[in-house]
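Right, one structure below, let's go through it.
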Amino acid sequence: MLISPLASAEQFKVLLFTKTAGWHHDAVHEGVSAVQELGRLHDFGVFWSADPKRVMNDAELSKYQAVIFLLTTGDVLDEAQQAAFERFIRKGGGFVGVHSASDTEYDWPWYTKMVGHMFKVHPAVQTAVLQVRERNFPGMERFAPRSLFTDEWYEFGPATSGKLTYLLTVDETTYKPEAKWPDREGKGMGAFHPVSWYQPYEGGRAFYTALGHQAATYRDPVFLHHLYGGIYWAATGRGFRAE
């Protein structure tokens, strides 16, 4: 029996990008394996690279519906690569930023506006209470309204975009948000401390989650479903209603 090529076609394809020019998280390989497994579970293609010379150009980016910046840090793209990525988003592509994607490309204003908030400082890893702010988005339906979660709770600078819809916050009364580094310190963000959000951006879509510091987090089914929801929305633009 002949099988139609359409019968085995993947839903969409994503580029998984993991270049670091600063701190390199131990969780990178766990994260890569987790996204690859999500691809098998949800039938989408994943191509992994940490080489911007290979993938950040018009010809290569045209193969994908979304690009995931997984645990990237520092200045990872040159000007030509940045321009190619901007064109990708403006043509309707999607961006997914995970954890230290907000500790990446501080000097590229277009990128910082797309991410939505940039990393400032963090305290030690702690257990705290996550709070759902918006359930009607892909991947949010498995979170309890309030739930325990252990992560490296990023404190962010002010919003760089006025179009963000917030999905998750962390309750600062449930952990110690203070941090003191040699070159900076933090006291937390107060009553509203965002953790995940999304926005339409220049013809494309941008999703970010600050979760994902620890390698073991990439074995947490609730987190993985949250991550898949962001990937699914960024790649397809399809929404979801939990209620």
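Going through the structure tokens in order, the chains are called A, B, and so on, while each chain numbers its residues from 1 and the ligands are numbered from 1 in the order shown.
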
Which residues of segment 75-153 of chain A come within 9 Å of segment 211-230 of chain A, and for each one, what is the closest pair of atoms and their distance in Å to one decimal, counting only C-alpha atoms, sorted by chain and residue number, as CSV?
residue,atom,partner,partner_atom,distance
A:Phe95,CA,A:Gly230,CA,9.0
A:Val96,CA,A:Gly230,CA,6.7
A:Val98,CA,A:Gly212,CA,6.7
A:His99,CA,A:Leu211,CA,5.5
A:Ser100,CA,A:His213,CA,8.0
A:Val125,CA,A:His213,CA,8.8
A:Phe137,CA,A:Gly229,CA,7.4
A:Pro138,CA,A:Gly229,CA,4.3
A:Gly139,CA,A:Gly229,CA,3.9
A:Met140,CA,A:His226,CA,5.8
A:Glu141,CA,A:His226,CA,8.5
A:Arg142,CA,A:Val222,CA,6.2
A:Phe143,CA,A:Val222,CA,6.7
A:Thr150,CA,A:Thr217,CA,8.4
A:Asp151,CA,A:His213,CA,6.2
A:Glu152,CA,A:His213,CA,6.1
A:Trp153,CA,A:Leu211,CA,7.9

Those same residues, written as a compact mmCIF listing (two decimals), in the first residue's frame with N, CA, C and O atoms?
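Saved result, out05.txt, follows:
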# COMPACT_ATOMS: atom_id res chain seq x y z
N PHE A 95 8.95 33.15 17.80
CA PHE A 95 10.09 33.10 18.72
C PHE A 95 9.65 32.49 20.04
O PHE A 95 8.59 32.84 20.57
N VAL A 96 10.47 31.58 20.56
CA VAL A 96 10.27 31.02 21.90
C VAL A 96 11.55 31.26 22.67
O VAL A 96 12.62 30.80 22.27
N VAL A 98 13.51 30.72 26.31
CA VAL A 98 13.48 29.90 27.52
C VAL A 98 14.57 30.37 28.49
O VAL A 98 15.75 30.42 28.12
N HIS A 99 14.15 30.72 29.69
CA HIS A 99 15.02 31.10 30.80
C HIS A 99 16.00 32.20 30.39
O HIS A 99 15.61 33.34 30.25
N SER A 100 17.27 31.86 30.16
CA SER A 100 18.27 32.89 29.93
C SER A 100 18.25 33.49 28.52
O SER A 100 19.15 34.25 28.17
N VAL A 125 18.53 29.34 43.93
CA VAL A 125 17.39 28.48 43.57
C VAL A 125 16.56 28.19 44.81
O VAL A 125 17.10 27.83 45.86
N PHE A 137 -4.54 29.95 27.07
CA PHE A 137 -3.39 29.97 26.18
C PHE A 137 -2.86 28.54 26.10
O PHE A 137 -2.92 27.80 27.09
N PRO A 138 -2.34 28.12 24.96
CA PRO A 138 -1.86 26.74 24.86
C PRO A 138 -0.85 26.38 25.94
O PRO A 138 0.08 27.13 26.22
N GLY A 139 -1.05 25.22 26.54
CA GLY A 139 -0.13 24.70 27.53
C GLY A 139 -0.35 25.15 28.95
O GLY A 139 0.36 24.71 29.86
N MET A 140 -1.35 26.00 29.17
CA MET A 140 -1.58 26.53 30.52
C MET A 140 -2.58 25.71 31.32
O MET A 140 -2.70 25.89 32.53
N GLU A 141 -3.29 24.80 30.68
CA GLU A 141 -4.43 24.16 31.33
C GLU A 141 -4.02 23.14 32.39
O GLU A 141 -4.86 22.73 33.21
N ARG A 142 -2.76 22.75 32.45
CA ARG A 142 -2.36 21.75 33.44
C ARG A 142 -1.80 22.36 34.73
O ARG A 142 -1.54 21.64 35.69
N PHE A 143 -1.59 23.65 34.75
CA PHE A 143 -1.16 24.31 35.98
C PHE A 143 -2.34 24.46 36.94
O PHE A 143 -3.44 24.84 36.53
N THR A 150 10.12 24.84 41.80
CA THR A 150 11.48 25.17 42.21
C THR A 150 12.27 25.63 41.00
O THR A 150 12.34 24.92 39.98
N ASP A 151 12.84 26.84 41.09
CA ASP A 151 13.60 27.37 39.96
C ASP A 151 14.51 28.48 40.44
O ASP A 151 14.55 28.81 41.63
N GLU A 152 15.23 29.05 39.51
CA GLU A 152 16.06 30.23 39.74
C GLU A 152 15.20 31.42 39.32
O GLU A 152 15.01 31.67 38.13
N TRP A 153 14.65 32.12 40.30
CA TRP A 153 13.62 33.13 40.02
C TRP A 153 14.26 34.44 39.56
O TRP A 153 14.79 35.20 40.34

**OP:** Mind checking which residues fall within 10 Å of segment 173-177 of chain A, counting only C-alpha atoms, ignoring those fewer than 4 positions away in the same chain, and posting them as an NGL selection string?
**Re:** :A and (121-130 or 148 or 153-155 or 186-191)

**OP:** Determine, counting only C-alpha atoms, which protein, DNA and RNA residues have an atom within 10 Å of an atom of Lys53 of chain A; residues of the same chain fewer than 5 positions away are not included. Present the result as a PyMOL selection string.
**Re:** chain A and resi 77-78+80-81

Original post:
Between atom CA of Gly237 of chain A and atom CA of Arg135 of chain A, what is the distance, to one decimal in Å?
Top reply: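 Interatomic distance, atom CA of Gly237 of chain A to atom CA of Arg135 of chain A: 16.4 Å.
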
Would you kindly return, as a PDB file with C-alpha atoms, in the first residue's frame, each protein, DNA or RNA residue with an atom no farther than 9 Å from any atom of segment 68-72 of chain A, considering only C-alpha atoms and excluding same-chain residues fewer than 6 positions away?
ATOM      1  CA  VAL A  14      11.372  24.517  14.642  1.00  0.00           C
ATOM      2  CA  LEU A  15      14.982  25.559  14.950  1.00  0.00           C
ATOM      3  CA  LEU A  16      16.393  24.894  18.411  1.00  0.00           C
ATOM      4  CA  PHE A  17      19.224  27.381  19.004  1.00  0.00           C
ATOM      5  CA  THR A  18      21.522  27.025  22.026  1.00  0.00           C
ATOM      6  CA  LYS A  19      24.583  29.249  21.515  1.00  0.00           C
ATOM      7  CA  THR A  20      26.037  30.759  24.685  1.00  0.00           C
ATOM      8  CA  ALA A  21      28.475  33.653  24.862  1.00  0.00           C
ATOM      9  CA  GLY A  22      28.168  34.048  28.640  1.00  0.00           C
ATOM     10  CA  TRP A  23      27.028  31.641  31.342  1.00  0.00           C
ATOM     11  CA  HIS A  24      26.518  28.098  30.036  1.00  0.00           C
ATOM     12  CA  HIS A  25      23.738  26.236  31.831  1.00  0.00           C
ATOM     13  CA  ALA A  27      20.640  22.059  31.665  1.00  0.00           C
ATOM     14  CA  VAL A  28      21.280  22.681  27.949  1.00  0.00           C
ATOM     15  CA  GLY A  31      16.629  20.835  27.447  1.00  0.00           C
ATOM     16  CA  VAL A  32      17.614  19.762  23.953  1.00  0.00           C
ATOM     17  CA  GLY A  94       7.637  32.648  15.851  1.00  0.00           C
ATOM     18  CA  PHE A  95      10.092  33.099  18.717  1.00  0.00           C
ATOM     19  CA  VAL A  96      10.266  31.021  21.900  1.00  0.00           C
ATOM     20  CA  GLY A  97      12.610  32.219  24.641  1.00  0.00           C
ATOM     21  CA  VAL A  98      13.478  29.898  27.520  1.00  0.00           C
ATOM     22  CA  HIS A  99      15.017  31.099  30.800  1.00  0.00           C
ATOM     23  CA  SER A 100      18.274  32.893  29.926  1.00  0.00           C
ATOM     24  CA  ALA A 101      17.018  33.974  26.511  1.00  0.00           C
ATOM     25  CA  SER A 102      16.329  37.146  28.515  1.00  0.00           C
ATOM     26  CA  ASP A 103      20.074  37.256  29.402  1.00  0.00           C
ATOM     27  CA  THR A 104      20.935  37.473  25.702  1.00  0.00           C
ATOM     28  CA  GLY A 212      13.901  26.030  33.012  1.00  0.00           C
ATOM     29  CA  HIS A 213      17.106  26.712  34.929  1.00  0.00           C
ATOM     30  CA  ILE A 231       6.147  26.369  20.825  1.00  0.00           C
TER      31      ILE A 231
END

Subject >> Straight-line distance linking atom CA of Ala159 of chain A with atom CA of His117 of chain A, stated in Å to one decimal >> reply: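 Distance between the two atoms: 4.9 Å.
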
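Among the candidate residues A:Ala9, A:Tyr106, A:Thr160, A:Trp48, the one lying nearest to Gly74 of chain A is A:Tyr106, with distances computed using only C-alpha atoms.
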
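Here atom CA of Ala83 of chain A and atom CA of Asp58 of chain A stand 9.3 Å from one another.
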
Original post:
Contacts of Lys113 of chain A at 6 Å or less, counting only C-alpha atoms, minus same-chain residues fewer than 2 places along, as JSON, numbers by chain?
Top reply: {"A": [110, 111, 115, 116, 160, 161]}

Original post:
Hey, what does DSSP flag as helix (DSSP H, G or I) within segment 5-157 of chain A? Can you give it to me as a ChimeraX atom specification?
Top reply: /A:5-8,28-42,52-55,58-61,79-90,99-103,109-115

Original post:
Any idea what's packed within 6 Å of Gln131 of chain A, counting only C-alpha atoms, ignoring anything in its chain fewer than 2 positions away? Could you give it as a list of chain:residue names?
Top reply: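 Residues near the query, excluding close chain neighbours: A:Pro145, A:Arg146, A:Leu168, A:Thr169, A:Val170.
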
The selected residues should be written to file as a PDB file, in the first residue's frame (atoms: all heavy atoms).
ATOM      1  N   PRO A 145      -4.145  26.702  39.871  1.00  0.00           N
ATOM      2  CA  PRO A 145      -4.136  28.158  40.038  1.00  0.00           C
ATOM      3  C   PRO A 145      -2.926  28.652  40.827  1.00  0.00           C
ATOM      4  O   PRO A 145      -2.362  29.709  40.515  1.00  0.00           O
ATOM      5  CB  PRO A 145      -5.453  28.440  40.776  1.00  0.00           C
ATOM      6  CG  PRO A 145      -6.351  27.315  40.367  1.00  0.00           C
ATOM      7  CD  PRO A 145      -5.453  26.122  40.262  1.00  0.00           C
ATOM      8  N   ARG A 146      -2.541  27.895  41.868  1.00  0.00           N
ATOM      9  CA  ARG A 146      -1.312  28.149  42.619  1.00  0.00           C
ATOM     10  C   ARG A 146      -0.612  26.809  42.819  1.00  0.00           C
ATOM     11  O   ARG A 146      -1.262  25.819  43.178  1.00  0.00           O
ATOM     12  CB  ARG A 146      -1.615  28.804  43.979  1.00  0.00           C
ATOM     13  CG  ARG A 146      -2.062  30.256  43.872  1.00  0.00           C
ATOM     14  CD  ARG A 146      -2.550  30.796  45.215  1.00  0.00           C
ATOM     15  NE  ARG A 146      -1.534  30.751  46.248  1.00  0.00           N
ATOM     16  CZ  ARG A 146      -0.618  31.708  46.463  1.00  0.00           C
ATOM     17  NH1 ARG A 146      -0.584  32.781  45.688  1.00  0.00           N
ATOM     18  NH2 ARG A 146       0.268  31.603  47.434  1.00  0.00           N
ATOM     19  N   LEU A 168       2.084  33.683  33.733  1.00  0.00           N
ATOM     20  CA  LEU A 168       2.466  33.198  35.059  1.00  0.00           C
ATOM     21  C   LEU A 168       3.187  34.294  35.836  1.00  0.00           C
ATOM     22  O   LEU A 168       3.946  35.079  35.259  1.00  0.00           O
ATOM     23  CB  LEU A 168       3.420  32.000  34.952  1.00  0.00           C
ATOM     24  CG  LEU A 168       2.884  30.682  34.410  1.00  0.00           C
ATOM     25  CD1 LEU A 168       4.047  29.729  34.126  1.00  0.00           C
ATOM     26  CD2 LEU A 168       1.917  30.039  35.396  1.00  0.00           C
ATOM     27  N   THR A 169       2.970  34.313  37.151  1.00  0.00           N
ATOM     28  CA  THR A 169       3.766  35.138  38.054  1.00  0.00           C
ATOM     29  C   THR A 169       4.229  34.269  39.208  1.00  0.00           C
ATOM     30  O   THR A 169       3.735  33.154  39.403  1.00  0.00           O
ATOM     31  CB  THR A 169       2.950  36.335  38.601  1.00  0.00           C
ATOM     32  OG1 THR A 169       1.780  35.848  39.257  1.00  0.00           O
ATOM     33  CG2 THR A 169       2.554  37.299  37.488  1.00  0.00           C
ATOM     34  N   VAL A 170       5.180  34.785  39.994  1.00  0.00           N
ATOM     35  CA  VAL A 170       5.630  34.089  41.188  1.00  0.00           C
ATOM     36  C   VAL A 170       5.287  34.952  42.393  1.00  0.00           C
ATOM     37  O   VAL A 170       5.414  36.174  42.358  1.00  0.00           O
ATOM     38  CB  VAL A 170       7.138  33.754  41.133  1.00  0.00           C
ATOM     39  CG1 VAL A 170       8.002  34.999  41.020  1.00  0.00           C
ATOM     40  CG2 VAL A 170       7.560  32.902  42.319  1.00  0.00           C
TER      41      VAL A 170
END
